[in-house]
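Asker: Sharing model01.txt here; it has compact mmCIF, C-alpha atoms and all ligand atoms.
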```txt
# COMPACT_ATOMS: atom_id res chain seq x y z
CA MET I 112 -44.76 10.52 26.11
CA ILE I 113 -42.63 13.62 26.13
CA VAL I 114 -44.55 16.90 26.14
CA PRO I 115 -42.58 20.13 25.56
CA CYS I 116 -44.46 23.04 27.14
CA TYR I 117 -43.87 26.72 26.62
CA ASN I 118 -46.53 28.99 28.09
CA GLU I 119 -49.21 26.32 28.00
CA GLU I 120 -50.95 26.92 31.37
CA GLU I 121 -54.35 27.32 29.68
CA VAL I 122 -54.34 24.07 27.79
CA LEU I 123 -52.42 21.73 30.11
CA PRO I 124 -55.31 20.56 32.35
CA LEU I 125 -57.40 19.71 29.29
CA PHE I 126 -54.44 18.04 27.62
CA HIS I 127 -53.72 15.94 30.69
CA GLU I 128 -57.35 14.88 30.96
CA THR I 129 -57.60 13.93 27.29
CA ILE I 130 -54.39 11.93 27.11
CA SER I 131 -55.03 10.18 30.44
CA GLU I 132 -58.39 8.98 29.16
CA VAL I 133 -56.76 7.50 26.07
CA PHE I 134 -54.12 5.73 28.15
CA LYS I 135 -56.78 4.36 30.49
CA GLU I 136 -58.42 2.66 27.52
CA ILE I 137 -55.18 1.15 26.25
CA ASP I 138 -54.18 -0.28 29.60
CA VAL I 139 -50.40 0.14 29.45
CA ASP I 140 -47.89 1.36 31.98
CA TYR I 141 -47.08 4.90 30.94
CA GLU I 142 -45.25 8.05 31.94
CA LEU I 143 -46.00 11.63 30.87
CA ILE I 144 -42.82 13.68 30.78
CA PHE I 145 -43.61 17.38 30.76
CA VAL I 146 -40.70 19.67 30.01
CA ASN I 147 -41.36 23.26 31.02
CA ASP I 148 -39.25 25.22 28.57
CA GLY I 149 -38.79 28.37 30.67
CA SER I 150 -42.42 29.46 30.45
CA SER I 151 -43.21 32.96 31.69
CA ASP I 152 -46.74 32.01 32.77
CA ASN I 153 -47.91 29.53 35.41
CA THR I 154 -47.08 26.39 33.44
CA LEU I 155 -44.79 25.11 36.19
CA VAL I 156 -47.43 25.61 38.89
CA VAL I 157 -49.94 23.68 36.79
CA LEU I 158 -47.42 20.91 36.19
CA LYS I 159 -46.67 20.61 39.91
CA GLU I 160 -50.36 20.27 40.63
CA LEU I 161 -50.74 17.60 37.96
CA ALA I 162 -47.76 15.70 39.35
CA LYS I 163 -49.30 15.78 42.81
CA LYS I 164 -52.59 14.36 41.55
CA ASP I 165 -51.27 11.83 39.06
CA LYS I 166 -48.31 9.53 39.60
CA HIS I 167 -47.90 9.12 35.83
CA VAL I 168 -46.84 12.76 35.55
CA ASN I 169 -43.19 13.78 35.77
CA TYR I 170 -41.92 17.25 35.06
CA PHE I 171 -38.61 18.90 34.30
CA SER I 172 -38.32 22.66 34.37
CA PHE I 173 -35.67 24.69 32.52
CA SER I 174 -33.87 27.75 33.86
CA ARG I 175 -34.94 29.70 30.75
CA ASN I 176 -36.47 29.15 27.32
CA PHE I 177 -34.05 26.83 25.52
CA GLY I 178 -36.39 26.02 22.63
CA LYS I 179 -38.53 23.05 21.73
CA GLU I 180 -35.59 21.00 20.42
CA SER I 181 -33.81 21.23 23.78
CA ALA I 182 -37.03 20.34 25.58
CA MET I 183 -37.40 17.28 23.39
CA TYR I 184 -33.79 16.29 24.04
CA ALA I 185 -34.25 16.63 27.80
CA GLY I 186 -37.32 14.40 27.55
CA LEU I 187 -35.43 11.77 25.57
CA ASN I 188 -32.58 11.80 28.09
CA ASN I 189 -34.96 11.15 30.95
CA ALA I 190 -37.52 8.82 29.38
CA GLU I 191 -37.49 5.30 30.77
CA GLY I 192 -40.11 3.56 28.66
CA ASP I 193 -39.61 0.81 26.08
CA TYR I 194 -41.53 3.04 23.71
CA VAL I 195 -40.90 6.77 23.76
CA GLY I 196 -42.89 9.42 21.92
CA PHE I 197 -43.38 13.15 21.48
CA ILE I 198 -46.64 15.04 21.54
CA ASP I 199 -47.45 18.77 21.57
CA ALA I 200 -49.27 20.16 24.57
CA ASP I 201 -51.77 22.19 22.54
CA LEU I 202 -53.90 19.20 21.45
CA GLN I 203 -53.06 19.79 17.80
CA HIS I 204 -51.84 16.21 17.92
CA PRO I 205 -54.93 14.08 18.63
CA PRO I 206 -54.03 11.76 21.57
CA ILE I 207 -56.48 9.14 20.30
CA LEU I 208 -53.85 8.18 17.68
CA LEU I 209 -51.63 6.82 20.47
CA LYS I 210 -53.69 3.64 20.31
CA ASP I 211 -52.79 3.06 16.68
CA MET I 212 -49.15 3.90 17.32
CA ILE I 213 -48.85 1.40 20.15
CA ASN I 214 -50.59 -1.25 18.06
CA VAL I 215 -48.18 -0.73 15.19
CA LEU I 216 -45.13 -0.99 17.46
CA ASP I 217 -46.55 -4.03 19.29
CA GLU I 218 -46.94 -5.88 16.01
CA GLY I 219 -43.18 -5.75 15.81
CA GLU I 220 -42.41 -4.97 12.21
CA TYR I 221 -41.85 -1.23 12.66
CA ASP I 222 -39.47 0.68 14.93
CA CYS I 223 -41.40 3.90 14.77
CA ALA I 224 -44.98 5.04 14.26
CA ALA I 225 -45.23 8.63 13.13
CA CYS I 226 -48.11 10.91 12.32
CA LYS I 227 -48.39 13.02 9.23
CA ARG I 228 -50.93 15.78 8.69
CA VAL I 229 -52.79 15.41 5.45
CA ASP I 230 -53.82 19.04 5.22
CA ARG I 231 -52.78 22.40 6.53
CA SER I 232 -56.21 23.87 7.10
CA GLY I 233 -56.11 26.22 10.06
CA ASP I 234 -52.67 27.47 9.09
CA LYS I 235 -52.19 30.80 7.37
CA LYS I 236 -51.93 30.55 3.55
CA ILE I 237 -48.59 32.31 3.47
CA ARG I 238 -47.17 29.92 6.06
CA THR I 239 -48.41 26.92 4.08
CA PHE I 240 -46.75 28.34 0.96
CA PHE I 241 -43.39 28.83 2.65
CA SER I 242 -43.56 25.40 4.29
CA ARG I 243 -44.09 23.77 0.92
CA MET I 244 -41.17 25.74 -0.54
CA PHE I 245 -38.99 24.71 2.37
CA TYR I 246 -39.67 20.99 1.89
CA LYS I 247 -38.99 21.23 -1.86
CA LEU I 248 -35.75 23.10 -1.25
CA VAL I 249 -34.39 20.96 1.55
CA ASN I 250 -35.25 17.70 -0.18
CA SER I 251 -33.54 18.78 -3.37
CA MET I 252 -30.42 19.76 -1.45
CA SER I 253 -30.01 17.04 1.11
CA ASP I 254 -29.75 13.25 1.23
CA THR I 255 -31.90 13.28 4.34
CA HIS I 256 -35.49 13.17 3.14
CA LEU I 257 -37.98 15.31 5.04
CA ILE I 258 -41.66 14.51 4.63
CA ASP I 259 -44.10 17.40 4.25
CA GLY I 260 -46.61 17.37 7.09
CA ALA I 261 -44.57 15.09 9.32
CA GLY I 262 -44.24 16.80 12.68
CA ASP I 263 -42.79 15.58 15.92
CA TYR I 264 -45.84 13.50 16.85
CA ARG I 265 -44.47 9.99 16.91
CA MET I 266 -43.61 6.99 19.03
CA MET I 267 -40.36 5.07 18.79
CA LYS I 268 -38.81 1.90 20.14
CA ARG I 269 -35.75 1.95 22.39
CA ASN I 270 -33.29 1.20 19.60
CA MET I 271 -34.33 4.33 17.71
CA VAL I 272 -34.33 6.42 20.89
CA ASP I 273 -30.78 5.29 21.64
CA ALA I 274 -29.75 6.18 18.11
CA LEU I 275 -31.20 9.68 18.56
CA LEU I 276 -29.47 10.05 21.92
CA SER I 277 -26.15 9.13 20.36
CA MET I 278 -26.49 12.29 18.26
CA SER I 279 -25.54 14.84 20.87
CA GLU I 280 -25.10 17.76 18.48
CA PHE I 281 -25.90 21.25 19.73
CA ASN I 282 -27.81 22.33 16.63
CA ARG I 283 -30.69 19.92 16.82
CA PHE I 284 -33.23 19.61 14.04
CA SER I 285 -35.41 16.68 15.01
CA LYS I 286 -37.31 16.31 11.76
CA GLY I 287 -33.99 15.71 10.01
CA MET I 288 -32.59 13.53 12.78
CA PHE I 289 -35.58 11.18 12.72
CA SER I 290 -34.97 10.66 9.05
CA TRP I 291 -31.18 10.51 9.36
CA VAL I 292 -31.14 7.62 11.86
CA GLY I 293 -33.34 5.59 9.51
CA PHE I 294 -35.36 2.70 10.97
CA LYS I 295 -38.67 1.44 9.64
CA THR I 296 -41.36 4.04 10.09
CA TYR I 297 -45.09 3.50 9.76
CA TRP I 298 -47.00 6.63 8.72
CA ILE I 299 -50.40 7.47 10.14
CA ASP I 300 -52.37 10.24 8.43
CA TYR I 301 -54.40 12.71 10.45
CA GLN I 302 -56.35 15.91 10.03
CA ASN I 303 -54.87 19.08 11.40
CA ASN I 304 -56.59 20.42 14.53
CA PRO I 305 -56.63 24.04 15.57
CA ARG I 306 -54.91 24.80 18.86
CA ALA I 307 -57.17 24.02 21.86
CA ALA I 308 -56.06 27.12 23.78
CA GLY I 309 -53.16 29.52 24.12
CA LYS I 310 -51.21 30.71 21.10
CA THR I 311 -48.36 29.53 18.92
CA SER I 312 -44.92 30.74 19.90
CA TRP I 313 -43.56 30.67 16.36
CA SER I 314 -43.00 33.98 14.62
CA PHE I 315 -42.49 34.19 10.87
CA TRP I 316 -38.78 34.92 11.27
CA GLY I 317 -38.50 32.15 13.82
CA LEU I 318 -39.69 29.78 11.14
CA VAL I 319 -37.28 31.21 8.56
CA ARG I 320 -34.42 30.59 11.00
CA TYR I 321 -35.69 27.09 11.59
CA ALA I 322 -35.79 26.47 7.84
CA ILE I 323 -32.18 27.66 7.44
CA ASP I 324 -31.19 25.36 10.31
CA GLY I 325 -32.89 22.49 8.54
CA ILE I 326 -30.87 23.06 5.41
CA VAL I 327 -27.51 23.89 6.96
CA ASN I 328 -27.68 21.04 9.50
CA PHE I 329 -28.24 18.32 6.97
CA SER I 330 -26.65 19.43 3.76
CA ASN I 331 -23.49 20.98 2.37
CA ALA I 332 -25.27 21.82 -0.87
CA PRO I 333 -25.22 25.61 -0.26
CA LEU I 334 -21.41 25.41 -0.11
CA ASP I 335 -21.38 23.48 -3.39
CA ILE I 336 -23.64 26.09 -4.92
CA ALA I 337 -21.29 28.87 -3.78
CA SER I 338 -18.31 27.02 -5.26
CA PHE I 339 -20.22 26.41 -8.48
CA LEU I 340 -21.21 30.07 -8.81
CA GLY I 341 -17.59 31.05 -8.18
CA PHE I 342 -16.43 28.67 -10.88
CA ILE I 343 -18.96 29.96 -13.44
CA MET I 344 -18.01 33.56 -12.64
CA THR I 345 -14.33 32.77 -13.10
CA VAL I 346 -14.87 31.10 -16.47
CA LEU I 347 -17.08 33.95 -17.73
CA SER I 348 -14.62 36.56 -16.46
CA PHE I 349 -11.76 34.84 -18.22
CA ILE I 350 -13.64 34.75 -21.54
CA TYR I 351 -14.50 38.41 -21.15
CA LEU I 352 -10.89 39.23 -20.27
CA VAL I 353 -9.63 37.60 -23.47
CA TYR I 354 -12.25 39.58 -25.42
CA VAL I 355 -11.25 42.86 -23.83
CA VAL I 356 -7.51 42.29 -24.36
CA ILE I 357 -7.99 41.36 -28.01
CA LYS I 358 -10.26 44.31 -28.58
CA TYR I 359 -7.77 46.71 -26.96
CA THR I 360 -4.69 45.31 -28.73
CA PHE I 361 -6.03 45.02 -32.26
CA PHE I 362 -8.76 47.61 -32.48
CA GLY I 363 -7.74 50.21 -29.91
CA ASP I 364 -10.16 51.14 -27.18
CA PRO I 365 -11.25 54.68 -26.40
CA VAL I 366 -12.19 54.91 -22.69
CA GLN I 367 -15.68 53.59 -22.41
CA GLY I 368 -17.69 50.94 -20.59
CA TRP I 369 -18.83 52.58 -17.38
CA ALA I 370 -22.02 50.49 -17.42
CA THR I 371 -20.02 47.29 -17.89
CA ILE I 372 -17.72 48.05 -14.99
CA VAL I 373 -20.53 48.96 -12.64
CA SER I 374 -22.45 45.79 -13.57
CA ILE I 375 -19.43 43.59 -13.03
CA LEU I 376 -18.57 45.26 -9.72
CA LEU I 377 -22.09 44.92 -8.36
CA LEU I 378 -22.54 41.35 -9.55
CA SER I 379 -19.21 40.08 -8.28
CA GLY I 380 -19.61 42.03 -5.03
CA GLY I 381 -23.04 40.49 -4.51
CA LEU I 382 -21.83 37.00 -5.28
CA GLN I 383 -18.93 37.39 -2.87
CA LEU I 384 -21.18 38.56 -0.07
CA LEU I 385 -23.59 35.71 -0.76
CA SER I 386 -20.82 33.13 -0.64
CA LEU I 387 -19.37 34.66 2.50
CA GLY I 388 -22.82 34.56 4.07
CA ILE I 389 -23.21 30.89 3.22
CA ILE I 390 -19.77 30.06 4.65
CA GLY I 391 -20.67 32.20 7.67
CA GLN I 392 -23.77 30.10 8.33
CA TYR I 393 -21.63 26.98 8.54
CA ILE I 394 -18.91 28.62 10.61
CA GLY I 395 -21.55 29.92 13.02
CA LYS I 396 -22.93 26.42 13.46
CA THR I 397 -19.44 25.01 13.88
CA TYR I 398 -18.67 27.67 16.49
CA MET I 399 -21.72 26.69 18.53
CA GLU I 400 -20.83 22.99 18.28
CA VAL I 401 -17.20 23.59 19.26
CA LYS I 402 -18.15 25.57 22.36
CA ASN I 403 -19.84 22.41 23.54
CA ARG I 404 -22.29 24.20 25.80
CA PRO I 405 -25.07 22.27 27.53
CA HIS I 406 -28.37 21.86 25.67
CA TYR I 407 -30.41 22.78 28.72
CA ILE I 408 -30.28 23.51 32.45
CA ILE I 409 -32.91 21.94 34.68
CA THR I 410 -33.80 23.87 37.82
CA ASP I 411 -36.77 21.91 39.06
CA SER I 412 -38.14 18.40 38.75
CA ASN I 413 -40.10 15.88 40.79
CA LYS I 414 -37.53 13.25 39.82
CA LYS I 415 -34.35 12.78 41.81
CA ASN I 416 -30.88 11.85 40.57
CA ILE I 417 -31.12 13.31 37.12
CA ASP I 418 -28.54 15.19 35.09
CA ASN I 419 -29.54 18.80 35.67
CA ILE I 420 -27.14 20.16 33.12
CA LYS I 421 -26.74 18.36 29.84
N1 LIG D 501 -42.63 24.74 22.62
C1 LIG D 501 -41.55 24.64 23.49
N2 LIG D 501 -40.58 25.62 23.47
C2 LIG D 501 -40.64 26.68 22.61
C3 LIG D 501 -41.73 26.74 21.72
C4 LIG D 501 -42.70 25.76 21.75
O1 LIG D 501 -41.45 23.70 24.28
O2 LIG D 501 -39.74 27.53 22.65
C5 LIG D 501 -43.69 23.68 22.65
C6 LIG D 501 -45.11 24.20 22.81
O3 LIG D 501 -45.45 24.36 24.17
C7 LIG D 501 -45.93 23.11 22.14
C8 LIG D 501 -45.00 22.62 21.04
O4 LIG D 501 -43.68 23.03 21.40
O5 LIG D 501 -46.22 22.03 23.02
C9 LIG D 501 -45.38 23.19 19.68
O6 LIG D 501 -45.41 24.59 19.74
P1 LIG D 501 -46.48 25.47 18.97
O7 LIG D 501 -47.84 24.91 19.15
O8 LIG D 501 -46.24 26.87 19.42
O9 LIG D 501 -45.99 25.29 17.47
P2 LIG D 501 -46.89 24.97 16.17
O10 LIG D 501 -47.89 23.90 16.57
O11 LIG D 501 -47.54 26.25 15.83
O12 LIG D 501 -45.88 24.48 15.19
MG MG D 502 -49.12 23.85 18.02
```
Have the structure of the file written as structure tokens, please.
Answerer:
Amino acid sequence: MIVPCYNEEEVLPLFHETISEVFKEIDVDYELIFVNDGSSDNTLVVLKELAKKDKHVNYFSFSRNFGKESAMYAGLNNAEGDYVGFIDADLQHPPILLKDMINVLDEGEYDCAACKRVDRSGDKKIRTFFSRMFYKLVNSMSDTHLIDGAGDYRMMKRNMVDALLSMSEFNRFSKGMFSWVGFKTYWIDYQNNPRAAGKTSWSFWGLVRYAIDGIVNFSNAPLDIASFLGFIMTVLSFIYLVYVVIKYTFFGDPVQGWATIVSILLLSGGLQLLSLGIIGQYIGKTYMEVKNRPHYIITDSNKKNIDNIK
């Protein structure tokens, strides 16, 4: 299991205890891969202690905060198991479900067992509202279907992991990538838990950014919309132009129409800025991809012979 950790010193001992108990009951060979995503608290110290006590624990520590997606990617790159999964460190993902996931994968029919929250209790109302809007929007714009409530809590077989690893893009949006690679996924419903300790690192604007990433990374629909708006504007402008010319030529036109001109200027100016902004989003993404920078830099790990920069 891959566990991205950002400032989770408070909850990690409890998390480790809980998940270890579950694994003891299942009786499988397992590895816990903790990725310290540049925490500013004592997460790394706690991880080192855990690794000393428990041979199932491995840790990788980043040189700075690269974000959860990079932490997940680092985990994937270094996971050795036949089954590989993700789980949050804050115990919002109940470890007890690992049993069901392993059972599903063992049966053989499915390549992935993923968990889906059935409610959003414990989340702020406004956040729930915007999440719902996001899923509606992204699913109407993109071929890649995102499922509301499906987080990163899941377990996958090797073939799916390899498929994910073959996508080495810089702008990673896991929710979309899980869906993009396909494979047969079994959904397990669960109730949302409040965080066991510590606090969420997501700000409202962080989530807005994340939502834009989700749309831009998996769909060109905003570009189509910009083109469509441009087309409509052109047609309307042409009709209006014909009207104005006819009116001027046959009926004469005393200078007039300040309101019309201002409206047209503002509307077309706004539309142009909007379209430029949309194009800009894609160019920005392309720029980051083209630079081909590493996803993360590892400065510390208990494992030897790993790719520190990837
Ligand atoms: N996380 C991370 N890097 C970040 C932010 C979060 O590795 O920059 C980890 C965090 O430690 C936790 C998981 O991602 O294990 C989910 O984060 P959080 O609980 O803050 O998000 P939420 O559950 O509110 O969506
Ligand atoms: Mg959480």
Asker: Could you please give me, as a PyMOL selection string, the residues of protein, DNA or RNA lying at most 10 Å from (-44.2, 27.6, 35.3) in the coordinate frame of the file, considering all atoms listed in the file?
Answerer: chain I and resi 116-120+147-159+172-173
Asker: For chain I versus ligand MG 502 (chain D), which residues have an atom no more than 6 Å away, and what is each residue's nearest atom pair and distance in Å rounded to one decimal, using all atoms listed in the file, chain-then-number order, as JSON lines?
Answerer:
```
{"residue": "I:Asp201", "atom": "CA", "partner": "D:MG502", "partner_atom": "MG", "distance": 5.5}
{"residue": "I:Gln203", "atom": "CA", "partner": "D:MG502", "partner_atom": "MG", "distance": 5.7}
{"residue": "I:Arg306", "atom": "CA", "partner": "D:MG502", "partner_atom": "MG", "distance": 5.9}
{"residue": "I:Thr311", "atom": "CA", "partner": "D:MG502", "partner_atom": "MG", "distance": 5.8}
```
Asker: For I:Glu132, which residue among I:Pro206, I:Pro305, I:Gly381, I:Gly178 is the nearest when counting all atoms listed in the file?
Answerer: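 Of all the options, I:Pro206 lies closest to I:Glu132.
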Asker: Go through I:Glu180, I:Asp211, I:Asp364, I:Glu160 one by one, measure the shortest atom-to-atom distance of each to I:Phe134 using all atoms listed in the file, and give the residue with the smallest value.
Answerer: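 Nearest to I:Phe134: I:Asp211.
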Asker: Would you mind listing what lies within 8 Å of I:Tyr301 as a list in words, with only C-alpha atoms counted and same-chain residues fewer than 5 positions away left out?
Answerer: Cys226, Lys227, Arg228 and Val229 of chain I
Asker: Could you tell me which of I:Met252, I:Ala261, I:Met288, I:Ile213 comes closest to ligand LIG 501 (chain D) if we count only C-alpha atoms and all ligand atoms?
Answerer: I:Ala261
Asker: With only C-alpha atoms as the basis for distance, which of I:Ser290, I:Ser285, I:Asn270, I:Asn304 is at the shortest distance from I:Asp230?
Answerer: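 Checking each candidate against I:Asp230, we get I:Asn304 as the closest.
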Asker: Rank I:Asn282, I:Ala322, I:Phe361, I:Tyr264 by their smallest atom-to-atom distance to I:Asn403, using only C-alpha atoms, and report the top residue only.
Answerer: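 Between I:Asn282, I:Ala322, I:Phe361, I:Tyr264, the residue approaching I:Asn403 most closely is I:Asn282.
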Asker: Rank I:Leu208, I:Met183, I:Leu377, I:Val114 by their smallest atom-to-atom distance to I:Tyr407, using all atoms listed in the file, and report the top residue only.
Answerer: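 Closest residue, counting all atoms listed in the file: I:Met183.
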Asker: For stretch 411-421 of chain I, list every protein, DNA or RNA residue within 10 Å, evaluated using all atoms listed in the file, and leave out those in the same chain fewer than 6 positions away; present the list as a PyMOL selection string.
Answerer: chain I and resi 145-147+155+158-159+162-163+168-174+181+184-185+188-189+279+404-405
Asker: Using the selection just defined, write its residues with C-alpha atoms as a compact mmCIF listing (two decimals), in the frame of the given file.
Answerer:
```txt
# COMPACT_ATOMS: atom_id res chain seq x y z
CA PHE I 145 -43.61 17.38 30.76
CA VAL I 146 -40.70 19.67 30.01
CA ASN I 147 -41.36 23.26 31.02
CA LEU I 155 -44.79 25.11 36.19
CA LEU I 158 -47.42 20.91 36.19
CA LYS I 159 -46.67 20.61 39.91
CA ALA I 162 -47.76 15.70 39.35
CA LYS I 163 -49.30 15.78 42.81
CA VAL I 168 -46.84 12.76 35.55
CA ASN I 169 -43.19 13.78 35.77
CA TYR I 170 -41.92 17.25 35.06
CA PHE I 171 -38.61 18.90 34.30
CA SER I 172 -38.32 22.66 34.37
CA PHE I 173 -35.67 24.69 32.52
CA SER I 174 -33.87 27.75 33.86
CA SER I 181 -33.81 21.23 23.78
CA TYR I 184 -33.79 16.29 24.04
CA ALA I 185 -34.25 16.63 27.80
CA ASN I 188 -32.58 11.80 28.09
CA ASN I 189 -34.96 11.15 30.95
CA SER I 279 -25.54 14.84 20.87
CA ARG I 404 -22.29 24.20 25.80
CA PRO I 405 -25.07 22.27 27.53
```
Asker: At a cut-off of 12 Å, using all atoms listed in the file, what residues contact I:Leu209? Leave out same-chain residues fewer than 5 positions from it and give the result as a ChimeraX atom specification.
Answerer: /I:112,129-139,141,194-198,204,214-216,224-226,264-267,299,301
Asker: Which residues, written as a list of chain:residue names, have at least one atom at most 12 Å from I:Gly293, with only C-alpha atoms counted and residues fewer than 5 positions away on the same chain left out?
Answerer: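 Contacts, with the query itself left out: I:Tyr221, I:Asp222, I:Cys223, I:Asp254, I:Thr255, I:His256, I:Leu257, I:Met267, I:Asn270, I:Met271, I:Val272, I:Ala274, I:Leu275, I:Lys286, I:Gly287, I:Met288.
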Asker: Env of I:Leu248: 12 Å cut, atoms = only C-alpha atoms, seq-sep filter 5 positions within chain, self excluded. Answer as a VMD selection string.
Answerer: chain I and resid 241 to 243 253 to 259 322 to 323 325 to 327 330 332 to 333
Asker: Would you mind reading off the distance between atom CA of I:Leu187 and atom CA of I:Leu276, one decimal, in Å?
Answerer: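 So the answer is 7.2 Å.
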Asker: One decimal, in Å: what's the spacing between atom CA of I:Pro115 and atom C1 of ligand LIG 501 (chain D)?
Answerer: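 These atoms are spaced 5.1 Å apart.
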Asker: So how many Å separate atom CA of I:Val292 and atom CA of I:Asn328, to one decimal?
Answerer: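 Spanning atom CA of I:Val292 to atom CA of I:Asn328 is a straight-line distance of 14.1 Å.
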Asker: Kindly provide, as a PyMOL selection string, the polymer residues lying within 12 Å of (-17.6, 44.5, -15.9), counting all atoms listed in the file and using the coordinates exactly as they appear in the file.
Answerer: chain I and resi 344+347-352+354-355+367-380
